[in-house]
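Q: Below is a structure I'd like to ask you about.
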Amino acid sequence: MEKINGKSIFNGIAIGKILFYSKDAGQVKRVKITDPRAEMERYNKAKEKAVEELNAIYARAVKEVGELNARVFEVHAMMLEDDTFHDSIQNIIETQHVNAEYAVATTGDNLSAMFAEMEDEYFRARAIDVKDIAERVISILLGKSRSNDIGNEPVIIVAEDLAPSETVQMDKEKLLAFVTRLGSANSHTAILARTMNLPALVGVDIREEWNGKTAVVDGSAGELIIEPDEATLAEMRERQEEIARNRELLENLKGKEDITRSGKKIKLYANIGGTGDVANVIKNDGAGIGLFRSEFLYLESGDYPSENDQFQAYRTVAENMAGKKVIIRTLDIGADKQVDYFRLEKEENPAMGYRAIRICLDRTDIFKTQLRALYRASAYGSIGIMFPMIISVEEVRQIKTIVEEVKKELDEQQIQYGSVELGIMIETPAAVMISDLLAEEVDFFSIGTNDLTQYTLAIDRQNSRLDHIYDAHHEAVLRMIRMVVENGHKHNIWVGICGELGADLSLTREFIRMGIDELSVSPGAILPIRKIIRETE
Ligand code: PEP
Ligand code: MG
């Protein structure tokens, strides 16, 4: 038994087998072979397995994210069967007498470079697909597993680092916990772990030899225990049961109002990353959704999601929430959320760079597509839209002009839409300081404390070395929240918090004292907060 320390990003205990996730499938050696026919046979077998895998992923994805979003996996299977791919590999193996891994990697690189050069956006986007299928076949040839297809047994994922795009594609039912060496407590991968209710540790000195071993992730102690002895296992199971018992006590709060003793009602909403998280919101009795991070639709997809694909996703969420409020945040990519097909240039300082609303106001075609999908979905529920990273009144006016254009188009096409609340995220110090002016422009404010803390304290939220001084309790942040609530209320609009600080139980009472109207938190935090709200004067 061995205990290793890490930094906890979500409590709870997970017990299970480790799956070591490495991304080095692309690092392929060129090895001379003597029997090209046997090598081709190896390739053919690996290809068949890859097609099988893709078909299985496709079937699963249809259930989880719908047919349109799943289509990318069908396309991958078709590309693998394509002659161009096959012939190039055969040619390399036969003429150069080299291993199949090398032939696949070279073919993948060549074809993807060719696609990347093409004029047509559709073909340019295929560059990533070719790379992806090549990596899949190489992984099979090397006998390695890819994290996205994590097998049938639930596992603890151990990795050097995980990007939000990787995490979001994993089969959530098979995940017990995340353990990484890199990554900060405030990154989006950490936030996803919380949304999925998964114990998670970062800053762990990970080792590949743990692959397949039994382990315990103790989220409360910030410990990873490799090959626990019987006594430890028994203790951990006991603690797991205790956590489950506490949860059961909270179950009594389901169906109860979010109201303080003196009668102040709080909107207690949930944060989600996609349609798959709605069940968890309903299970935890969320009164609505206060932040749907819509960019995950873009991260999950291999190409720009169409208006119709997006409409289906927003409509599904609105319908499943059955008339309860659903606030969808428009695309917030950039910084740690990179989407390959956007082809964003590498920046010196991405957190302060070309991201979120800055991209949308620049590439209005993408923005309008999303707004059309959102307005169309508003006919099926109670939708609110909010805009990220606002710094000026000018931006809000520009947004409102575009929104009016979209509504006018829909009117002309006689497409129905409902009445939509429009709000902005307050997550830059600039927005805080002019919140009195911004309040005149919108229906609500939602304070994004994750970014607000980052920009106020000048600490990159991705930088794990600075986690210990990234202090969302800093008086500067709390004063800003107070100021935003006051300015919002002066102009009769409601003010909420959708950053992670909103779920900080030690601050719930303080937020209520400040006059906060809404808290939007990961689904698992709803009932503990309801308990505090109902106990507060
Ligand atoms: C925030 O910044 O607090 C927020 C809710 O948005 P995100 O974490 O997605 O940047
Ligand atoms: Mg933010």
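Note on naming: chains are A, B, ... as they come in the structure tokens, residues start from 1 per chain, ligands start from 1 in the order shown.
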Please identify the residues whose atoms come within 10 Å of ligand 2, using only C-alpha atoms and all ligand atoms, and report them as number ranges by chain.
A: A: 188, 293, 332-333, 351, 356, 388-389, 425-428, 447-454, 498-499
Q: Given the selection you just returned, output its residues as a file containing C-alpha atoms, formatted as a PDB file, in the first residue's frame.
A:
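Below is the file that was written, selection01.pdb:
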ATOM      1  CA  HIS A 188     -12.666  23.705 -16.486  1.00  0.00           C
ATOM      2  CA  ARG A 293     -21.819  26.253 -20.656  1.00  0.00           C
ATOM      3  CA  ASP A 332     -17.158  30.998 -24.277  1.00  0.00           C
ATOM      4  CA  ILE A 333     -14.120  29.424 -25.910  1.00  0.00           C
ATOM      5  CA  ALA A 351      -6.851  34.230 -20.673  1.00  0.00           C
ATOM      6  CA  ALA A 356     -15.738  34.426 -25.560  1.00  0.00           C
ATOM      7  CA  PRO A 388     -19.622  36.082 -21.119  1.00  0.00           C
ATOM      8  CA  MET A 389     -16.589  38.335 -20.588  1.00  0.00           C
ATOM      9  CA  MET A 425     -21.905  37.653 -16.820  1.00  0.00           C
ATOM     10  CA  ILE A 426     -20.013  39.934 -14.519  1.00  0.00           C
ATOM     11  CA  GLU A 427     -16.564  38.429 -14.568  1.00  0.00           C
ATOM     12  CA  THR A 428     -14.220  41.310 -15.297  1.00  0.00           C
ATOM     13  CA  ILE A 447     -21.353  36.916 -11.409  1.00  0.00           C
ATOM     14  CA  GLY A 448     -18.634  34.594 -12.731  1.00  0.00           C
ATOM     15  CA  THR A 449     -16.377  34.467  -9.715  1.00  0.00           C
ATOM     16  CA  ASN A 450     -13.903  32.094 -11.351  1.00  0.00           C
ATOM     17  CA  ASP A 451     -12.780  34.626 -13.906  1.00  0.00           C
ATOM     18  CA  LEU A 452     -13.526  37.612 -11.688  1.00  0.00           C
ATOM     19  CA  THR A 453     -11.077  36.253  -9.098  1.00  0.00           C
ATOM     20  CA  GLN A 454      -8.514  35.556 -11.813  1.00  0.00           C
ATOM     21  CA  CYS A 498     -22.658  31.154 -11.163  1.00  0.00           C
ATOM     22  CA  GLY A 499     -18.919  30.835 -10.427  1.00  0.00           C
TER      23      GLY A 499
END
Q: Counting only C-alpha atoms, what is within 10 Å of Gly418 (chain A), bar same-chain residues fewer than 2 positions away, as a ChimeraX atom specification?
A: /A:375-383,416,420-421
Q: Under the rule that only C-alpha atoms and all ligand atoms are counted, which of A:Ile402, A:Val477, A:Val281, A:Ala127 is the nearest residue to ligand 1?
A: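 Smallest separation from ligand 1 among the options: A:Val477.
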Q: Nearest residue to Glu475 (chain A) out of A:Leu527, A:Leu457, A:Met114, A:Ile226, using only C-alpha atoms?
A: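 Closest to Glu475 (chain A) of all the choices is A:Leu457.
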Q: Counting only C-alpha atoms, what is within 12 Å of Tyr314 (chain A), bar same-chain residues fewer than 2 positions away, as a PyMOL selection string?
A: chain A and resi 65+272-276+278+289+292-294+297+307-312+316-321+326-330+370-385
Q: Got time to write the residues from that selection, C-alpha atoms, as a CSV table (one decimal), in the first residue's frame?
A:
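out-v9.csv, freshly written:
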chain,number,residue,atom,x,y,z
A,65,VAL,CA,-26.0,13.3,-27.4
A,272,ILE,CA,-24.4,22.2,-16.6
A,273,GLY,CA,-22.0,21.4,-19.5
A,274,GLY,CA,-24.5,19.6,-21.7
A,275,THR,CA,-27.8,17.8,-22.2
A,276,GLY,CA,-26.4,14.7,-20.3
A,278,VAL,CA,-29.9,17.6,-16.9
A,289,ILE,CA,-30.4,25.9,-14.8
A,292,PHE,CA,-25.4,26.0,-19.4
A,293,ARG,CA,-21.8,26.3,-20.7
A,294,SER,CA,-22.8,26.0,-24.3
A,297,LEU,CA,-21.4,21.5,-27.5
A,307,GLU,CA,-28.1,25.7,-36.0
A,308,ASN,CA,-30.3,22.6,-36.0
A,309,ASP,CA,-27.9,20.5,-33.9
A,310,GLN,CA,-27.8,23.3,-31.3
A,311,PHE,CA,-31.5,23.9,-31.5
A,312,GLN,CA,-32.1,20.3,-30.7
A,316,THR,CA,-34.1,19.1,-25.1
A,317,VAL,CA,-32.8,20.9,-22.0
A,318,ALA,CA,-35.7,23.3,-22.0
A,319,GLU,CA,-38.3,20.6,-22.4
A,320,ASN,CA,-36.7,18.3,-19.8
A,321,MET,CA,-36.7,21.2,-17.3
A,326,VAL,CA,-32.8,27.5,-18.3
A,327,ILE,CA,-30.1,30.1,-18.7
A,328,ILE,CA,-27.7,29.4,-21.6
A,329,ARG,CA,-24.4,31.2,-21.9
A,330,THR,CA,-23.3,31.9,-25.4
A,370,GLN,CA,-26.2,30.2,-32.0
A,371,LEU,CA,-28.7,33.0,-31.3
A,372,ARG,CA,-31.1,31.6,-33.9
A,373,ALA,CA,-30.9,28.2,-32.3
A,374,LEU,CA,-31.4,29.7,-28.8
A,375,TYR,CA,-34.4,31.8,-29.9
A,376,ARG,CA,-36.0,28.9,-31.7
A,377,ALA,CA,-35.6,26.7,-28.5
A,378,SER,CA,-37.2,29.5,-26.5
A,379,ALA,CA,-40.6,28.4,-27.9
A,380,TYR,CA,-40.2,25.2,-25.9
A,381,GLY,CA,-39.5,26.4,-22.4
A,382,SER,CA,-38.3,29.3,-20.3
A,383,ILE,CA,-35.0,30.3,-21.8
A,384,GLY,CA,-32.6,33.0,-20.7
A,385,ILE,CA,-29.4,33.9,-22.5
Q: Please provide the set of residues having any atom within 12 Å of Leu250 (chain A), restricted to only C-alpha atoms, with same-chain residues fewer than 3 positions apart removed, written as a list in words.
A: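 So the residues in contact are Ile243, Ala244, Arg245, Asn246, Arg247, Leu253, Lys254, Gly255, Lys256, Asn284, Asp285, Gly524, Ala525, Ile526, Leu527, Pro528, Ile529, Arg530, Lys531 and Ile532 of chain A.
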Q: Any chance you can output those residues with C-alpha atoms as a compact mmCIF listing (two decimals), in the first residue's frame?
A:
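Contents of part.txt, as written:
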# COMPACT_ATOMS: atom_id res chain seq x y z
CA ILE A 243 -21.38 9.98 2.75
CA ALA A 244 -24.32 8.13 1.18
CA ARG A 245 -26.23 8.29 4.50
CA ASN A 246 -25.65 12.06 4.73
CA ARG A 247 -26.92 12.41 1.20
CA LEU A 253 -35.12 18.55 1.32
CA LYS A 254 -36.28 17.63 -2.15
CA GLY A 255 -39.46 19.41 -3.08
CA LYS A 256 -38.89 22.06 -0.40
CA ASN A 284 -30.99 16.99 -7.14
CA ASP A 285 -34.17 19.04 -7.50
CA GLY A 524 -24.48 17.93 -6.18
CA ALA A 525 -24.25 21.18 -4.19
CA ILE A 526 -27.95 22.07 -4.46
CA LEU A 527 -29.31 20.21 -1.45
CA PRO A 528 -26.51 21.19 0.99
CA ILE A 529 -27.10 24.84 0.05
CA ARG A 530 -30.87 24.47 0.34
CA LYS A 531 -30.30 23.27 3.90
CA ILE A 532 -28.35 26.43 4.76
Q: Residues within 9 Å of Lys264 (chain A), please, as a list in words. Count only C-alpha atoms; anything in the same chain fewer than 2 positions from it doesn't count.
A: Asp258, Ile259, Thr260, Arg261, Ser262, Ile266, Ile512, Asp517 and Glu537 of chain A
Q: Pick out the residues sitting within 6 Å of Ser522 (chain A), and hand them over as a PyMOL selection string; count only C-alpha atoms, and ignore anything fewer than 3 positions along from it in its own chain.
A: chain A and resi 195+270-271+525
Q: Kindly export the residues of the current selection with all heavy atoms, as a CSV table (one decimal), in the first residue's frame.
A:
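Written output follows (again-v5.csv):
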chain,number,residue,atom,x,y,z
A,195,THR,N,-19.2,19.0,-11.6
A,195,THR,CA,-20.5,18.9,-12.2
A,195,THR,C,-20.9,17.4,-12.2
A,195,THR,O,-22.1,17.1,-12.0
A,195,THR,CB,-20.5,19.4,-13.6
A,195,THR,OG1,-20.0,20.7,-13.5
A,195,THR,CG2,-21.9,19.5,-14.2
A,270,ALA,N,-28.7,25.3,-11.2
A,270,ALA,CA,-27.6,24.4,-11.4
A,270,ALA,C,-26.7,24.8,-12.6
A,270,ALA,O,-27.3,25.4,-13.6
A,270,ALA,CB,-28.1,22.9,-11.6
A,271,ASN,N,-25.5,24.4,-12.6
A,271,ASN,CA,-24.6,24.6,-13.7
A,271,ASN,C,-24.4,23.3,-14.5
A,271,ASN,O,-24.3,22.3,-13.8
A,271,ASN,CB,-23.2,25.0,-13.2
A,271,ASN,CG,-23.1,26.4,-12.5
A,271,ASN,OD1,-24.1,27.1,-12.6
A,271,ASN,ND2,-22.1,26.6,-11.9
A,525,ALA,N,-24.3,20.2,-5.3
A,525,ALA,CA,-24.2,21.2,-4.2
A,525,ALA,C,-25.6,21.8,-3.9
A,525,ALA,O,-25.8,22.5,-2.9
A,525,ALA,CB,-23.3,22.3,-4.6
Q: Looking at only C-alpha atoms, which of A:Thr189, A:Gln398, A:Ser184, A:Thr536 is the one that sits closest to Glu166 (chain A)?
A: A:Thr189
Q: Find, counting only C-alpha atoms and all ligand atoms, the residue in A:Arg355, A:Lys63, A:Lys368, A:Arg71 that gets nearest to ligand 1.
A: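 Ranked by minimum distance to ligand 1, first place goes to A:Arg355.
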Q: Tell me which protein, DNA and RNA residues are within 12 Å of region 338-348 of chain A, counting only C-alpha atoms, leaving out same-chain ones fewer than 3 positions away, and put them as an MDAnalysis selection string.
A: chainID A and resid 115:116 121:129 131:132 163:166 188 295:305 331:335 351:356 359:360 363 366
Q: For the structure I just gave you, how does DSSP split region 337-429 of chain A - specifically, which residues are helix (DSSP H, G or I)? Reply as a PyMOL selection string.
A: chain A and resi 340-342+350-352+357-362+364-380+393-412+429
Q: Can you write out the residues you just picked, keeping N, CA and C atoms, as a compact mmCIF listing (two decimals), in the first residue's frame?
A:
# COMPACT_ATOMS: atom_id res chain seq x y z
N ASP A 340 -10.28 22.88 -31.90
CA ASP A 340 -9.35 22.85 -33.03
C ASP A 340 -9.88 23.53 -34.28
N TYR A 341 -11.15 23.22 -34.63
CA TYR A 341 -11.62 23.71 -35.93
C TYR A 341 -11.84 25.23 -35.96
N PHE A 342 -11.77 25.91 -34.82
CA PHE A 342 -11.82 27.38 -34.83
C PHE A 342 -10.49 27.96 -35.30
N PRO A 350 -3.56 33.84 -23.42
CA PRO A 350 -4.91 33.52 -23.90
C PRO A 350 -6.04 33.91 -22.94
N ALA A 351 -5.77 33.88 -21.62
CA ALA A 351 -6.85 34.23 -20.67
C ALA A 351 -7.29 35.67 -20.89
N MET A 352 -6.38 36.50 -21.39
CA MET A 352 -6.73 37.90 -21.63
C MET A 352 -6.84 38.17 -23.13
N ILE A 357 -17.01 36.46 -25.87
CA ILE A 357 -17.83 37.41 -26.63
C ILE A 357 -16.99 38.15 -27.68
N ARG A 358 -15.69 38.21 -27.43
CA ARG A 358 -14.81 38.91 -28.40
C ARG A 358 -14.81 38.14 -29.72
N ILE A 359 -14.82 36.82 -29.64
CA ILE A 359 -14.88 36.01 -30.86
C ILE A 359 -16.26 36.18 -31.50
N CYS A 360 -17.30 36.13 -30.66
CA CYS A 360 -18.67 36.18 -31.20
C CYS A 360 -18.96 37.51 -31.90
N LEU A 361 -18.45 38.61 -31.33
CA LEU A 361 -18.72 39.91 -31.96
C LEU A 361 -17.84 40.11 -33.20
N ASP A 362 -16.83 39.29 -33.33
CA ASP A 362 -15.96 39.37 -34.50
C ASP A 362 -16.48 38.44 -35.60
N THR A 364 -19.51 37.10 -36.47
CA THR A 364 -20.95 37.18 -36.16
C THR A 364 -21.75 36.05 -36.83
N ASP A 365 -21.17 35.41 -37.85
CA ASP A 365 -21.90 34.28 -38.45
C ASP A 365 -22.09 33.17 -37.42
N ILE A 366 -21.02 32.89 -36.66
CA ILE A 366 -21.11 31.84 -35.62
C ILE A 366 -22.08 32.28 -34.53
N PHE A 367 -21.98 33.55 -34.16
CA PHE A 367 -22.82 34.09 -33.08
C PHE A 367 -24.30 34.03 -33.47
N LYS A 368 -24.58 34.46 -34.70
CA LYS A 368 -25.98 34.49 -35.15
C LYS A 368 -26.58 33.08 -35.23
N THR A 369 -25.76 32.13 -35.67
CA THR A 369 -26.24 30.74 -35.72
C THR A 369 -26.67 30.30 -34.34
N GLN A 370 -25.82 30.61 -33.35
CA GLN A 370 -26.18 30.20 -31.99
C GLN A 370 -27.43 30.93 -31.50
N LEU A 371 -27.49 32.23 -31.76
CA LEU A 371 -28.66 33.00 -31.28
C LEU A 371 -29.96 32.51 -31.92
N ARG A 372 -29.88 32.18 -33.21
CA ARG A 372 -31.08 31.65 -33.88
C ARG A 372 -31.53 30.34 -33.21
N ALA A 373 -30.55 29.47 -32.93
CA ALA A 373 -30.88 28.20 -32.28
C ALA A 373 -31.50 28.46 -30.90
N LEU A 374 -30.93 29.40 -30.18
CA LEU A 374 -31.43 29.70 -28.84
C LEU A 374 -32.85 30.27 -28.88
N TYR A 375 -33.07 31.21 -29.78
CA TYR A 375 -34.42 31.80 -29.88
C TYR A 375 -35.44 30.76 -30.33
N ARG A 376 -35.03 29.91 -31.27
CA ARG A 376 -35.98 28.86 -31.70
C ARG A 376 -36.33 27.96 -30.52
N ALA A 377 -35.31 27.62 -29.70
CA ALA A 377 -35.57 26.74 -28.55
C ALA A 377 -36.44 27.42 -27.50
N SER A 378 -36.43 28.75 -27.51
CA SER A 378 -37.20 29.47 -26.47
C SER A 378 -38.70 29.26 -26.61
N ALA A 379 -39.13 28.73 -27.75
CA ALA A 379 -40.56 28.43 -27.91
C ALA A 379 -40.95 27.18 -27.10
N TYR A 380 -39.94 26.46 -26.56
CA TYR A 380 -40.22 25.19 -25.90
C TYR A 380 -39.95 25.19 -24.40
N VAL A 393 -20.40 48.83 -22.04
CA VAL A 393 -21.80 49.05 -22.43
C VAL A 393 -21.91 48.89 -23.95
N GLU A 394 -20.87 49.35 -24.62
CA GLU A 394 -20.83 49.27 -26.08
C GLU A 394 -21.04 47.83 -26.57
N GLU A 395 -20.33 46.90 -25.93
CA GLU A 395 -20.48 45.48 -26.31
C GLU A 395 -21.92 45.03 -26.14
N VAL A 396 -22.52 45.42 -25.02
CA VAL A 396 -23.90 44.97 -24.76
C VAL A 396 -24.84 45.53 -25.83
N ARG A 397 -24.61 46.78 -26.21
CA ARG A 397 -25.47 47.37 -27.25
C ARG A 397 -25.28 46.65 -28.58
N GLN A 398 -24.03 46.33 -28.88
CA GLN A 398 -23.77 45.58 -30.12
C GLN A 398 -24.51 44.24 -30.10
N ILE A 399 -24.43 43.57 -28.96
CA ILE A 399 -25.10 42.26 -28.82
C ILE A 399 -26.60 42.44 -29.06
N LYS A 400 -27.16 43.48 -28.41
CA LYS A 400 -28.62 43.67 -28.52
C LYS A 400 -29.04 43.97 -29.96
N THR A 401 -28.18 44.68 -30.69
CA THR A 401 -28.49 44.95 -32.10
C THR A 401 -28.53 43.63 -32.88
N ILE A 402 -27.54 42.77 -32.62
CA ILE A 402 -27.50 41.48 -33.33
C ILE A 402 -28.72 40.62 -32.95
N VAL A 403 -29.05 40.66 -31.66
CA VAL A 403 -30.23 39.89 -31.20
C VAL A 403 -31.48 40.38 -31.95
N GLU A 404 -31.61 41.70 -32.09
CA GLU A 404 -32.79 42.24 -32.80
C GLU A 404 -32.79 41.77 -34.26
N GLU A 405 -31.61 41.74 -34.87
CA GLU A 405 -31.54 41.26 -36.27
C GLU A 405 -32.01 39.81 -36.38
N VAL A 406 -31.55 39.02 -35.43
CA VAL A 406 -31.93 37.59 -35.44
C VAL A 406 -33.44 37.45 -35.26
N LYS A 407 -34.01 38.22 -34.33
CA LYS A 407 -35.45 38.12 -34.08
C LYS A 407 -36.24 38.55 -35.33
N LYS A 408 -35.71 39.60 -35.98
CA LYS A 408 -36.40 40.09 -37.17
C LYS A 408 -36.41 39.01 -38.27
N GLU A 409 -35.25 38.37 -38.44
CA GLU A 409 -35.17 37.28 -39.43
C GLU A 409 -36.17 36.17 -39.12
N LEU A 410 -36.23 35.82 -37.83
CA LEU A 410 -37.15 34.74 -37.44
C LEU A 410 -38.60 35.16 -37.70
N ASP A 411 -38.89 36.46 -37.40
CA ASP A 411 -40.25 36.97 -37.66
C ASP A 411 -40.58 36.83 -39.14
N GLU A 412 -39.61 37.26 -39.97
CA GLU A 412 -39.85 37.21 -41.42
C GLU A 412 -40.08 35.78 -41.91
N PRO A 429 -13.25 42.95 -13.77
CA PRO A 429 -13.35 44.11 -12.87
C PRO A 429 -14.00 45.30 -13.57
Q: Taking into account only C-alpha atoms and all ligand atoms, which residue in the set A:Leu422, A:Leu478, A:Met78, A:Leu291 is nearest to ligand 1?
A: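 Of A:Leu422, A:Leu478, A:Met78, A:Leu291, the one nearest ligand 1, counting only C-alpha atoms and all ligand atoms, is A:Leu291.
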Q: Just give me the gap between CA of Met386 (chain A) and CA of His474 (chain A) in Å, one decimal is fine.
A: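 A separation of 25.8 Å between them.
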Q: Which residue is closest to Val204 (chain A)? Choose from A:Ala159, A:Ile13, A:Val442, A:Ala190 and count only C-alpha atoms.
A: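 Nearest to Val204 (chain A): A:Ala159.
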